file run_23.cif (mmCIF, C-alpha atoms)
data_protein
loop_
_atom_site.group_PDB
_atom_site.id
_atom_site.type_symbol
_atom_site.label_atom_id
_atom_site.label_comp_id
_atom_site.auth_asym_id
_atom_site.auth_seq_id
_atom_site.Cartn_x
_atom_site.Cartn_y
_atom_site.Cartn_z
ATOM 1 C CA GLY G 1 -131.476 -38.598 3.101
ATOM 2 C CA ALA G 2 -135.131 -39.161 2.373
ATOM 3 C CA VAL G 3 -136.451 -42.285 0.681
ATOM 4 C CA VAL G 4 -138.479 -42.345 -2.500
ATOM 5 C CA SER G 5 -139.636 -45.579 -4.077
ATOM 6 C CA GLN G 6 -140.749 -46.169 -7.608
ATOM 7 C CA HIS G 7 -142.593 -49.131 -9.085
ATOM 8 C CA PRO G 8 -142.129 -50.982 -11.343
ATOM 9 C CA SER G 9 -138.389 -50.772 -11.844
ATOM 10 C CA ARG G 10 -138.608 -52.236 -15.299
ATOM 11 C CA VAL G 11 -141.495 -52.822 -17.686
ATOM 12 C CA ILE G 12 -141.790 -54.128 -21.198
ATOM 13 C CA CYS G 13 -145.073 -53.541 -22.971
ATOM 14 C CA LYS G 14 -146.523 -53.760 -26.430
ATOM 15 C CA SER G 15 -147.186 -50.738 -28.576
ATOM 16 C CA GLY G 16 -150.629 -49.268 -27.922
ATOM 17 C CA THR G 17 -150.913 -50.371 -24.311
ATOM 18 C CA SER G 18 -150.827 -48.131 -21.238
ATOM 19 C CA VAL G 19 -148.336 -48.315 -18.397
ATOM 20 C CA LYS G 20 -148.713 -46.884 -14.906
ATOM 21 C CA ILE G 21 -145.694 -45.946 -12.825
ATOM 22 C CA GLU G 22 -145.999 -45.213 -9.101
ATOM 23 C CA CYS G 23 -143.799 -42.897 -7.084
ATOM 24 C CA ARG G 24 -143.960 -42.874 -3.282
ATOM 25 C CA SER G 25 -142.219 -40.788 -0.659
ATOM 26 C CA LEU G 26 -141.724 -43.273 2.153
ATOM 27 C CA ASP G 27 -140.602 -41.185 5.097
ATOM 28 C CA PHE G 28 -141.916 -37.705 4.404
ATOM 29 C CA GLN G 29 -144.911 -35.990 2.864
ATOM 30 C CA ALA G 30 -144.415 -34.349 -0.490
ATOM 31 C CA THR G 31 -146.851 -31.786 -1.794
ATOM 32 C CA THR G 32 -144.746 -31.550 -4.914
ATOM 33 C CA MET G 33 -143.273 -34.348 -6.970
ATOM 34 C CA PHE G 34 -141.597 -34.244 -10.340
ATOM 35 C CA TRP G 35 -141.457 -36.590 -13.301
ATOM 36 C CA TYR G 36 -138.386 -36.738 -15.486
ATOM 37 C CA ARG G 37 -137.379 -38.690 -18.535
ATOM 38 C CA GLN G 38 -133.829 -39.524 -19.474
ATOM 39 C CA PHE G 39 -132.649 -41.009 -22.750
ATOM 40 C CA PRO G 40 -129.296 -42.830 -22.904
ATOM 41 C CA LYS G 41 -126.313 -40.528 -22.406
ATOM 42 C CA GLN G 42 -128.580 -37.493 -22.226
ATOM 43 C CA SER G 43 -129.491 -35.223 -19.361
ATOM 44 C CA LEU G 44 -132.605 -35.329 -17.239
ATOM 45 C CA MET G 45 -135.593 -33.779 -18.924
ATOM 46 C CA LEU G 46 -138.371 -32.474 -16.700
ATOM 47 C CA MET G 47 -141.728 -33.635 -17.997
ATOM 48 C CA ALA G 48 -144.111 -32.270 -15.402
ATOM 49 C CA THR G 49 -144.574 -31.044 -11.873
ATOM 50 C CA SER G 50 -147.115 -33.009 -9.873
ATOM 51 C CA ASN G 51 -148.996 -31.064 -7.203
ATOM 52 C CA GLU G 52 -151.006 -32.850 -4.528
ATOM 53 C CA GLY G 53 -154.695 -32.187 -4.940
ATOM 54 C CA SER G 54 -154.412 -30.176 -8.132
ATOM 55 C CA LYS G 55 -153.566 -30.572 -11.783
ATOM 56 C CA ALA G 56 -150.039 -31.259 -12.875
ATOM 57 C CA THR G 57 -148.019 -28.614 -14.652
ATOM 58 C CA TYR G 58 -146.521 -29.908 -17.882
ATOM 59 C CA GLU G 59 -143.375 -28.673 -19.584
ATOM 60 C CA GLN G 60 -143.538 -27.382 -23.107
ATOM 61 C CA GLY G 61 -143.729 -30.166 -25.640
ATOM 62 C CA VAL G 62 -145.019 -32.808 -23.218
ATOM 63 C CA GLU G 63 -148.497 -34.057 -24.099
ATOM 64 C CA LYS G 64 -150.696 -33.999 -21.022
ATOM 65 C CA ASP G 65 -153.210 -36.396 -22.562
ATOM 66 C CA LYS G 66 -150.498 -38.930 -23.236
ATOM 67 C CA PHE G 67 -148.701 -38.667 -19.917
ATOM 68 C CA LEU G 68 -151.399 -38.661 -17.252
ATOM 69 C CA ILE G 69 -150.301 -37.597 -13.800
ATOM 70 C CA ASN G 70 -152.266 -38.067 -10.602
ATOM 71 C CA HIS G 71 -151.096 -36.890 -7.189
ATOM 72 C CA ALA G 72 -153.940 -38.003 -4.982
ATOM 73 C CA SER G 73 -152.089 -38.088 -1.665
ATOM 74 C CA LEU G 74 -149.081 -36.494 -0.013
ATOM 75 C CA THR G 75 -147.014 -39.627 -0.536
ATOM 76 C CA LEU G 76 -148.082 -40.925 -3.937
ATOM 77 C CA SER G 77 -147.906 -39.663 -7.497
ATOM 78 C CA THR G 78 -148.587 -41.797 -10.552
ATOM 79 C CA LEU G 79 -147.589 -41.367 -14.174
ATOM 80 C CA THR G 80 -149.561 -43.258 -16.803
ATOM 81 C CA VAL G 81 -148.101 -43.488 -20.280
ATOM 82 C CA THR G 82 -151.142 -43.995 -22.477
ATOM 83 C CA SER G 83 -151.024 -45.730 -25.847
ATOM 84 C CA ALA G 84 -147.289 -46.231 -25.551
ATOM 85 C CA HIS G 85 -145.131 -46.306 -28.662
ATOM 86 C CA PRO G 86 -141.515 -47.407 -29.139
ATOM 87 C CA GLU G 87 -140.334 -43.784 -29.038
ATOM 88 C CA ASP G 88 -141.673 -43.610 -25.467
ATOM 89 C CA SER G 89 -139.053 -46.152 -24.416
ATOM 90 C CA SER G 90 -136.923 -44.365 -21.859
ATOM 91 C CA PHE G 91 -135.841 -44.147 -18.231
ATOM 92 C CA TYR G 92 -138.573 -42.429 -16.220
ATOM 93 C CA ILE G 93 -137.544 -41.012 -12.864
ATOM 94 C CA CYS G 94 -139.682 -39.325 -10.239
ATOM 95 C CA SER G 95 -138.538 -37.111 -7.438
ATOM 96 C CA ALA G 96 -140.154 -35.710 -4.318
ATOM 97 C CA ARG G 97 -139.305 -32.346 -2.860
ATOM 98 C CA ARG G 98 -138.657 -31.722 0.792
ATOM 99 C CA GLN G 99 -137.630 -28.613 2.684
ATOM 100 C CA GLY G 100 -134.141 -29.175 4.012
ATOM 101 C CA ALA G 101 -131.402 -27.128 5.642
ATOM 102 C CA GLY G 102 -130.078 -26.049 2.270
ATOM 103 C CA GLY G 103 -133.470 -25.237 0.773
ATOM 104 C CA TYR G 104 -135.827 -27.361 -1.279
ATOM 105 C CA GLU G 105 -134.031 -30.679 -1.748
ATOM 106 C CA GLN G 106 -135.170 -33.248 -4.271
ATOM 107 C CA TYR G 107 -134.929 -36.956 -3.647
ATOM 108 C CA PHE G 108 -135.197 -39.302 -6.571
ATOM 109 C CA GLY G 109 -136.827 -42.659 -6.967
ATOM 110 C CA PRO G 110 -134.737 -45.476 -8.482
ATOM 111 C CA GLY G 111 -136.366 -45.004 -11.884
ATOM 112 C CA THR G 112 -138.469 -47.127 -14.213
ATOM 113 C CA ARG G 113 -136.984 -48.423 -17.414
ATOM 114 C CA LEU G 114 -139.760 -48.633 -19.989
ATOM 115 C CA THR G 115 -139.352 -50.593 -23.185
ATOM 116 C CA VAL G 116 -142.159 -50.492 -25.726
ATOM 117 C CA THR G 117 -142.001 -53.179 -28.394
ATOM 118 C CA ARG B 1 -128.294 -19.818 -23.147
ATOM 119 C CA LYS B 2 -129.027 -22.674 -20.758
ATOM 120 C CA GLU B 3 -130.208 -21.728 -17.303
ATOM 121 C CA VAL B 4 -127.602 -23.948 -15.676
ATOM 122 C CA GLU B 5 -124.441 -24.689 -17.637
ATOM 123 C CA GLN B 6 -121.755 -27.228 -16.958
ATOM 124 C CA ASP B 7 -118.752 -28.471 -18.879
ATOM 125 C CA PRO B 8 -119.884 -31.936 -20.003
ATOM 126 C CA GLY B 9 -116.338 -33.289 -19.809
ATOM 127 C CA PRO B 10 -115.365 -36.033 -19.618
ATOM 128 C CA PHE B 11 -112.718 -35.393 -17.029
ATOM 129 C CA ASN B 12 -110.217 -38.252 -16.965
ATOM 130 C CA VAL B 13 -108.057 -38.163 -13.842
ATOM 131 C CA PRO B 14 -105.792 -40.619 -12.049
ATOM 132 C CA GLU B 15 -106.572 -41.895 -8.586
ATOM 133 C CA GLY B 16 -105.488 -39.464 -5.929
ATOM 134 C CA ALA B 17 -105.855 -36.412 -8.145
ATOM 135 C CA THR B 18 -107.783 -33.288 -7.259
ATOM 136 C CA VAL B 19 -110.473 -32.292 -9.722
ATOM 137 C CA ALA B 20 -112.757 -29.265 -9.838
ATOM 138 C CA PHE B 21 -116.026 -28.674 -11.647
ATOM 139 C CA ASN B 22 -117.653 -25.325 -12.228
ATOM 140 C CA CYS B 23 -121.233 -24.539 -13.016
ATOM 141 C CA THR B 24 -122.875 -21.242 -13.936
ATOM 142 C CA TYR B 25 -126.497 -20.260 -13.493
ATOM 143 C CA SER B 26 -128.378 -17.489 -15.234
ATOM 144 C CA ASN B 27 -131.268 -16.786 -12.852
ATOM 145 C CA SER B 28 -129.970 -14.333 -10.281
ATOM 146 C CA ALA B 29 -133.070 -15.050 -8.156
ATOM 147 C CA SER B 30 -131.875 -18.611 -7.492
ATOM 148 C CA GLN B 31 -131.439 -19.169 -3.780
ATOM 149 C CA SER B 32 -130.468 -22.770 -3.232
ATOM 150 C CA PHE B 33 -127.831 -24.833 -4.928
ATOM 151 C CA PHE B 34 -126.904 -28.472 -4.839
ATOM 152 C CA TRP B 35 -124.601 -31.026 -6.362
ATOM 153 C CA TYR B 36 -126.024 -34.411 -7.298
ATOM 154 C CA ARG B 37 -124.202 -37.514 -8.402
ATOM 155 C CA GLN B 38 -125.606 -39.884 -11.009
ATOM 156 C CA ASP B 39 -124.124 -43.268 -11.756
ATOM 157 C CA CYS B 40 -124.697 -44.947 -15.116
ATOM 158 C CA ARG B 41 -128.293 -46.167 -15.478
ATOM 159 C CA LYS B 42 -129.160 -45.046 -11.957
ATOM 160 C CA GLU B 43 -131.115 -42.183 -10.449
ATOM 161 C CA PRO B 44 -129.393 -38.969 -9.278
ATOM 162 C CA LYS B 45 -128.465 -38.873 -5.604
ATOM 163 C CA LEU B 46 -128.027 -35.731 -3.538
ATOM 164 C CA LEU B 47 -124.308 -35.251 -2.878
ATOM 165 C CA MET B 48 -124.311 -31.975 -0.998
ATOM 166 C CA SER B 49 -125.943 -28.609 -0.605
ATOM 167 C CA VAL B 50 -123.945 -25.506 -1.483
ATOM 168 C CA TYR B 51 -124.012 -22.766 1.107
ATOM 169 C CA SER B 52 -123.003 -19.147 0.669
ATOM 170 C CA SER B 53 -120.142 -19.643 3.080
ATOM 171 C CA GLY B 54 -119.013 -22.761 1.272
ATOM 172 C CA ASN B 55 -119.114 -26.191 2.772
ATOM 173 C CA GLU B 56 -116.982 -29.256 3.032
ATOM 174 C CA ASP B 57 -117.897 -32.897 3.436
ATOM 175 C CA GLY B 58 -114.884 -35.136 3.641
ATOM 176 C CA ARG B 59 -113.036 -34.986 0.339
ATOM 177 C CA PHE B 60 -115.727 -32.804 -1.244
ATOM 178 C CA THR B 61 -115.848 -29.009 -1.067
ATOM 179 C CA ALA B 62 -118.551 -26.863 -2.599
ATOM 180 C CA GLN B 63 -118.353 -23.112 -3.131
ATOM 181 C CA LEU B 64 -120.863 -20.505 -4.226
ATOM 182 C CA ASN B 65 -120.023 -17.187 -5.875
ATOM 183 C CA ARG B 66 -123.234 -15.187 -6.134
ATOM 184 C CA ALA B 67 -121.609 -12.167 -7.749
ATOM 185 C CA SER B 68 -120.386 -14.253 -10.673
ATOM 186 C CA GLN B 69 -123.280 -16.705 -10.462
ATOM 187 C CA TYR B 70 -121.279 -19.860 -10.356
ATOM 188 C CA ILE B 71 -120.838 -22.776 -8.049
ATOM 189 C CA SER B 72 -117.995 -25.219 -7.857
ATOM 190 C CA LEU B 73 -117.269 -28.700 -6.598
ATOM 191 C CA LEU B 74 -113.780 -29.779 -5.625
ATOM 192 C CA ILE B 75 -112.949 -33.434 -5.131
ATOM 193 C CA ARG B 76 -109.662 -34.216 -3.405
ATOM 194 C CA ASP B 77 -107.828 -37.527 -3.409
ATOM 195 C CA SER B 78 -110.089 -38.966 -6.134
ATOM 196 C CA LYS B 79 -111.186 -42.575 -5.774
ATOM 197 C CA LEU B 80 -112.211 -44.987 -8.493
ATOM 198 C CA SER B 81 -115.678 -44.948 -6.953
ATOM 199 C CA ASP B 82 -115.975 -41.214 -7.624
ATOM 200 C CA SER B 83 -116.442 -41.985 -11.327
ATOM 201 C CA ALA B 84 -119.922 -40.704 -12.151
ATOM 202 C CA THR B 85 -121.774 -37.775 -13.649
ATOM 203 C CA TYR B 86 -122.069 -34.743 -11.383
ATOM 204 C CA LEU B 87 -125.157 -32.579 -11.778
ATOM 205 C CA CYS B 88 -125.326 -28.960 -10.715
ATOM 206 C CA VAL B 89 -128.723 -27.729 -9.492
ATOM 207 C CA ALA B 90 -130.160 -24.264 -8.888
ATOM 208 C CA THR B 91 -133.518 -23.603 -7.303
ATOM 209 C CA GLY B 92 -135.413 -21.146 -5.147
ATOM 210 C CA ASN B 93 -136.846 -21.171 -1.677
ATOM 211 C CA THR B 94 -140.456 -20.703 -2.641
ATOM 212 C CA GLY B 95 -142.685 -23.554 -3.655
ATOM 213 C CA GLY B 96 -143.284 -22.327 -7.173
ATOM 214 C CA PHE B 97 -139.659 -21.775 -8.076
ATOM 215 C CA LYS B 98 -138.508 -24.158 -10.777
ATOM 216 C CA THR B 99 -135.547 -26.400 -10.032
ATOM 217 C CA ILE B 100 -133.063 -26.448 -12.874
ATOM 218 C CA PHE B 101 -130.596 -29.282 -13.376
ATOM 219 C CA GLY B 102 -127.438 -28.903 -15.374
ATOM 220 C CA ALA B 103 -126.679 -31.498 -18.031
ATOM 221 C CA GLY B 104 -123.897 -32.944 -15.895
ATOM 222 C CA THR B 105 -120.129 -33.315 -15.938
ATOM 223 C CA ARG B 106 -118.739 -36.793 -16.457
ATOM 224 C CA LEU B 107 -115.798 -37.877 -14.347
ATOM 225 C CA PHE B 108 -113.657 -40.942 -14.898
ATOM 226 C CA VAL B 109 -111.118 -41.784 -12.244
ATOM 227 C CA LYS B 110 -108.545 -44.320 -13.401
ATOM 228 C CA ALA B 111 -106.115 -46.491 -11.491
#

call {"tool": "encode", "arguments": {"input": "run_23.cif", "output": "structure tokens"}}
result
Amino acid sequence: GAVVSQHPSRVICKSGTSVKIECRSLDFQATTMFWYRQFPKQSLMLMATSNEGSKATYEQGVEKDKFLINHASLTLSTLTVTSAHPEDSSFYICSARRQGAGGYEQYFGPGTRLTVT
Amino acid sequence: RKEVEQDPGPFNVPEGATVAFNCTYSNSASQSFFWYRQDCRKEPKLLMSVYSSGNEDGRFTAQLNRASQYISLLIRDSKLSDSATYLCVATGNTGGFKTIFGAGTRLFVKA
């Protein structure tokens, strides 16, 4: 399978600060990447679709000014959580899409566990 | 109605058992289907694609029924290491088609 990295794997920050999370596709180019959030024992929730060279598409209820997404190259998308609050504490996972034999396959990064104190 | 629905379980089975999960999807335009596996506090990992003709990978068999809009995953000879959450996924073959993940089915395999 394809390899997607995510950095940092874990971050603890104070309320009001901003945190940037990087997602990289290491062995393929991805014009489309996705950002998900997952709370404990809950399912993946799609936050936004990141398109290389254009604006991200946000899901309903996700604040685009709070969760800034930049997809400046075919291998890198970043998610910045601005003015983080404790309720933003969650597991953030990115994925990159690649055309495979079975259709558009998604490969996930290892996730970033964010804790806001 | 959710676009992709799965029985959340949990399914508790003994080692060596055969267990089957079903998943239904509502968008008849969906073209591609997958099963992912997610371990606790980890990211989902692609388990297998689901082809119209069905496909098998070792102890795992996936089936697609387009007429009834459901897909299935059969695990034979369950191992302790199969304990995880299994996510059903439906998507399309065009770039703008949204990929929909099911909420997952939890499986516990016990000795």

call {"tool": "interface_residues", "arguments": {"input": "run_23.cif", "of": "chain B", "to": "chain G", "cutoff": "9 Å", "atoms": "only C-alpha atoms", "output": "PyMOL selection string"}}
result
chain B and resi 31-34+40-46+48-51+91-95+99-104

call {"tool": "closest_residue", "arguments": {"input": "run_23.cif", "among": "B:Thr105, B:Thr61, B:Ser68, B:Asn12", "to": "B:Ser28", "atoms": "only C-alpha atoms"}}
result
B:Ser68

call {"tool": "axis_aligned_box", "arguments": {"input": "run_23.cif", "around": "stretch 38-44 of chain B", "padding_each_side": "8 Å", "output": "AutoDock Vina command-line options"}}
result
--center_x -127.6 --center_y -42.6 --center_z -12.4 --size_x 23.0 --size_y 23.2 --size_z 22.2

call {"tool": "residues_near_point", "arguments": {"input": "run_23.cif", "point": "(-107.3, -48.8, -14.2)", "cutoff": "10 Å", "atoms": "only C-alpha atoms", "output": "JSON, numbers by chain"}}
result
{"B": [14, 15, 80, 109, 110, 111]}

call {"tool": "atom_distance", "arguments": {"input": "run_23.cif", "atom1": "atom CA of B:Gln38", "atom2": "atom CA of G:Asn70"}}
result
26.7 Å

call {"tool": "atom_distance", "arguments": {"input": "run_23.cif", "atom1": "atom CA of G:Ser50", "atom2": "atom CA of G:Ser77"}}
result
7.1 Å

call {"tool": "atom_distance", "arguments": {"input": "run_23.cif", "atom1": "atom CA of G:Glu59", "atom2": "atom CA of G:Asp88"}}
result
16.1 Å

call {"tool": "closest_residue", "arguments": {"input": "run_23.cif", "among": "G:Val4, G:Ala84, G:Val11, G:Val62", "to": "G:Tyr36", "atoms": "all atoms listed in the file"}}
result
G:Val62

call {"tool": "resolve_selection", "arguments": {"input": "run_23.cif", "expression": "the PyMOL selection byres ((chain B and resi 18) around 6)", "output": "PDB file with C-alpha atoms, in the frame of the given file"}}
result
ATOM      1  CA  ALA B  17    -105.855 -36.412  -8.145  1.00  0.00           C
ATOM      2  CA  VAL B  19    -110.473 -32.292  -9.722  1.00  0.00           C
ATOM      3  CA  ILE B  75    -112.949 -33.434  -5.131  1.00  0.00           C
ATOM      4  CA  ARG B  76    -109.662 -34.216  -3.405  1.00  0.00           C
ATOM      5  CA  ASP B  77    -107.828 -37.527  -3.409  1.00  0.00           C
TER       6      ASP B  77
END

call {"tool": "resolve_selection", "arguments": {"input": "run_23.cif", "expression": "the PyMOL selection byres ((chain B and resi 106) around 10)", "output": "mmCIF file with C-alpha atoms, keeping the file's coordinate frame"}}
result
data_model
loop_
_atom_site.group_PDB
_atom_site.id
_atom_site.type_symbol
_atom_site.label_atom_id
_atom_site.label_comp_id
_atom_site.auth_asym_id
_atom_site.auth_seq_id
_atom_site.Cartn_x
_atom_site.Cartn_y
_atom_site.Cartn_z
ATOM 1 C CA ASP B 7 -118.752 -28.471 -18.879
ATOM 2 C CA PRO B 8 -119.884 -31.936 -20.003
ATOM 3 C CA GLY B 9 -116.338 -33.289 -19.809
ATOM 4 C CA PRO B 10 -115.365 -36.033 -19.618
ATOM 5 C CA PHE B 11 -112.718 -35.393 -17.029
ATOM 6 C CA ASN B 12 -110.217 -38.252 -16.965
ATOM 7 C CA PHE B 21 -116.026 -28.674 -11.647
ATOM 8 C CA ARG B 37 -124.202 -37.514 -8.402
ATOM 9 C CA GLN B 38 -125.606 -39.884 -11.009
ATOM 10 C CA ASP B 39 -124.124 -43.268 -11.756
ATOM 11 C CA SER B 83 -116.442 -41.985 -11.327
ATOM 12 C CA ALA B 84 -119.922 -40.704 -12.151
ATOM 13 C CA THR B 85 -121.774 -37.775 -13.649
ATOM 14 C CA TYR B 86 -122.069 -34.743 -11.383
ATOM 15 C CA LEU B 87 -125.157 -32.579 -11.778
ATOM 16 C CA ALA B 103 -126.679 -31.498 -18.031
ATOM 17 C CA GLY B 104 -123.897 -32.944 -15.895
ATOM 18 C CA THR B 105 -120.129 -33.315 -15.938
ATOM 19 C CA LEU B 107 -115.798 -37.877 -14.347
ATOM 20 C CA PHE B 108 -113.657 -40.942 -14.898
#

call {"tool": "residues_around", "arguments": {"input": "run_23.cif", "residues": "stretch 19-24 of chain G", "least_positions_apart": "6", "cutoff": "6 Å", "atoms": "all atoms listed in the file", "output": "PyMOL selection string"}}
result
chain G and resi 4-7+75-81

call {"tool": "resolve_selection", "arguments": {"input": "run_23.cif", "expression": "the PyMOL selection byres ((chain G and resi 27) around 8)", "output": "VMD selection string"}}
result
chain G and resid 2 to 4 25 to 26 28 to 29

call {"tool": "decode", "arguments": {"input": "run_23.cif", "residues": "stretch 34-53 of chain B", "atoms": "N, CA, C and O atoms", "output": "PDB file, in the first residue's frame"}}
result
ATOM      1  N   PHE B  34     -14.792  -0.592  -0.427  1.00  0.00           N
ATOM      2  CA  PHE B  34     -13.610  -1.085   0.278  1.00  0.00           C
ATOM      3  C   PHE B  34     -13.986  -1.474   1.698  1.00  0.00           C
ATOM      4  O   PHE B  34     -14.974  -0.990   2.255  1.00  0.00           O
ATOM      5  N   TRP B  35     -13.149  -2.313   2.274  1.00  0.00           N
ATOM      6  CA  TRP B  35     -13.184  -2.563   3.711  1.00  0.00           C
ATOM      7  C   TRP B  35     -11.864  -2.064   4.299  1.00  0.00           C
ATOM      8  O   TRP B  35     -10.781  -2.351   3.769  1.00  0.00           O
ATOM      9  N   TYR B  36     -11.990  -1.316   5.388  1.00  0.00           N
ATOM     10  CA  TYR B  36     -10.820  -0.855   6.131  1.00  0.00           C
ATOM     11  C   TYR B  36     -10.870  -1.483   7.511  1.00  0.00           C
ATOM     12  O   TYR B  36     -11.940  -1.823   8.027  1.00  0.00           O
ATOM     13  N   ARG B  37      -9.703  -1.566   8.127  1.00  0.00           N
ATOM     14  CA  ARG B  37      -9.604  -2.055   9.485  1.00  0.00           C
ATOM     15  C   ARG B  37      -8.993  -0.941  10.327  1.00  0.00           C
ATOM     16  O   ARG B  37      -8.019  -0.300   9.920  1.00  0.00           O
ATOM     17  N   GLN B  38      -9.576  -0.705  11.502  1.00  0.00           N
ATOM     18  CA  GLN B  38      -9.017   0.297  12.401  1.00  0.00           C
ATOM     19  C   GLN B  38      -8.825  -0.315  13.779  1.00  0.00           C
ATOM     20  O   GLN B  38      -9.779  -0.785  14.397  1.00  0.00           O
ATOM     21  N   ASP B  39      -7.584  -0.289  14.238  1.00  0.00           N
ATOM     22  CA  ASP B  39      -7.285  -0.732  15.588  1.00  0.00           C
ATOM     23  C   ASP B  39      -7.465   0.447  16.538  1.00  0.00           C
ATOM     24  O   ASP B  39      -7.411   1.614  16.128  1.00  0.00           O
ATOM     25  N   CYS B  40      -7.628   0.126  17.817  1.00  0.00           N
ATOM     26  CA  CYS B  40      -7.888   1.154  18.829  1.00  0.00           C
ATOM     27  C   CYS B  40      -6.792   2.224  18.833  1.00  0.00           C
ATOM     28  O   CYS B  40      -5.607   1.901  18.876  1.00  0.00           O
ATOM     29  N   ARG B  41      -7.162   3.461  18.709  1.00  0.00           N
ATOM     30  CA  ARG B  41      -6.261   4.604  18.767  1.00  0.00           C
ATOM     31  C   ARG B  41      -5.253   4.625  17.608  1.00  0.00           C
ATOM     32  O   ARG B  41      -4.176   5.220  17.701  1.00  0.00           O
ATOM     33  N   LYS B  42      -5.622   3.967  16.521  1.00  0.00           N
ATOM     34  CA  LYS B  42      -4.769   3.975  15.334  1.00  0.00           C
ATOM     35  C   LYS B  42      -5.566   4.464  14.128  1.00  0.00           C
ATOM     36  O   LYS B  42      -6.793   4.584  14.195  1.00  0.00           O
ATOM     37  N   GLU B  43      -4.838   4.707  13.017  1.00  0.00           N
ATOM     38  CA  GLU B  43      -5.527   5.137  11.817  1.00  0.00           C
ATOM     39  C   GLU B  43      -6.128   3.942  11.073  1.00  0.00           C
ATOM     40  O   GLU B  43      -5.666   2.814  11.225  1.00  0.00           O
ATOM     41  N   PRO B  44      -7.154   4.155  10.240  1.00  0.00           N
ATOM     42  CA  PRO B  44      -7.696   3.063   9.439  1.00  0.00           C
ATOM     43  C   PRO B  44      -6.677   2.592   8.406  1.00  0.00           C
ATOM     44  O   PRO B  44      -5.913   3.394   7.864  1.00  0.00           O
ATOM     45  N   LYS B  45      -6.687   1.304   8.156  1.00  0.00           N
ATOM     46  CA  LYS B  45      -5.799   0.738   7.124  1.00  0.00           C
ATOM     47  C   LYS B  45      -6.644  -0.025   6.111  1.00  0.00           C
ATOM     48  O   LYS B  45      -7.570  -0.755   6.485  1.00  0.00           O
ATOM     49  N   LEU B  46      -6.310   0.161   4.840  1.00  0.00           N
ATOM     50  CA  LEU B  46      -7.047  -0.519   3.778  1.00  0.00           C
ATOM     51  C   LEU B  46      -6.875  -2.025   3.915  1.00  0.00           C
ATOM     52  O   LEU B  46      -5.755  -2.536   3.906  1.00  0.00           O
ATOM     53  N   LEU B  47      -7.989  -2.735   4.033  1.00  0.00           N
ATOM     54  CA  LEU B  47      -7.967  -4.194   4.156  1.00  0.00           C
ATOM     55  C   LEU B  47      -8.093  -4.835   2.781  1.00  0.00           C
ATOM     56  O   LEU B  47      -7.288  -5.670   2.393  1.00  0.00           O
ATOM     57  N   MET B  48      -9.137  -4.444   2.060  1.00  0.00           N
ATOM     58  CA  MET B  48      -9.314  -4.973   0.714  1.00  0.00           C
ATOM     59  C   MET B  48     -10.362  -4.188  -0.053  1.00  0.00           C
ATOM     60  O   MET B  48     -11.247  -3.572   0.527  1.00  0.00           O
ATOM     61  N   SER B  49     -10.195  -4.220  -1.378  1.00  0.00           N
ATOM     62  CA  SER B  49     -11.207  -3.664  -2.261  1.00  0.00           C
ATOM     63  C   SER B  49     -12.314  -4.699  -2.430  1.00  0.00           C
ATOM     64  O   SER B  49     -12.107  -5.884  -2.180  1.00  0.00           O
ATOM     65  N   VAL B  50     -13.475  -4.257  -2.837  1.00  0.00           N
ATOM     66  CA  VAL B  50     -14.595  -5.167  -3.066  1.00  0.00           C
ATOM     67  C   VAL B  50     -14.981  -5.081  -4.524  1.00  0.00           C
ATOM     68  O   VAL B  50     -15.428  -4.032  -4.991  1.00  0.00           O
ATOM     69  N   TYR B  51     -14.800  -6.158  -5.246  1.00  0.00           N
ATOM     70  CA  TYR B  51     -15.094  -6.168  -6.667  1.00  0.00           C
ATOM     71  C   TYR B  51     -16.466  -6.772  -6.918  1.00  0.00           C
ATOM     72  O   TYR B  51     -16.989  -7.543  -6.109  1.00  0.00           O
ATOM     73  N   SER B  52     -17.025  -6.448  -8.069  1.00  0.00           N
ATOM     74  CA  SER B  52     -18.355  -6.947  -8.419  1.00  0.00           C
ATOM     75  C   SER B  52     -18.415  -8.469  -8.421  1.00  0.00           C
ATOM     76  O   SER B  52     -19.423  -9.065  -8.063  1.00  0.00           O
ATOM     77  N   SER B  53     -17.307  -9.071  -8.790  1.00  0.00           N
ATOM     78  CA  SER B  53     -17.264 -10.531  -8.877  1.00  0.00           C
ATOM     79  C   SER B  53     -16.908 -11.158  -7.540  1.00  0.00           C
ATOM     80  O   SER B  53     -16.805 -12.378  -7.419  1.00  0.00           O
TER      81      SER B  53
END
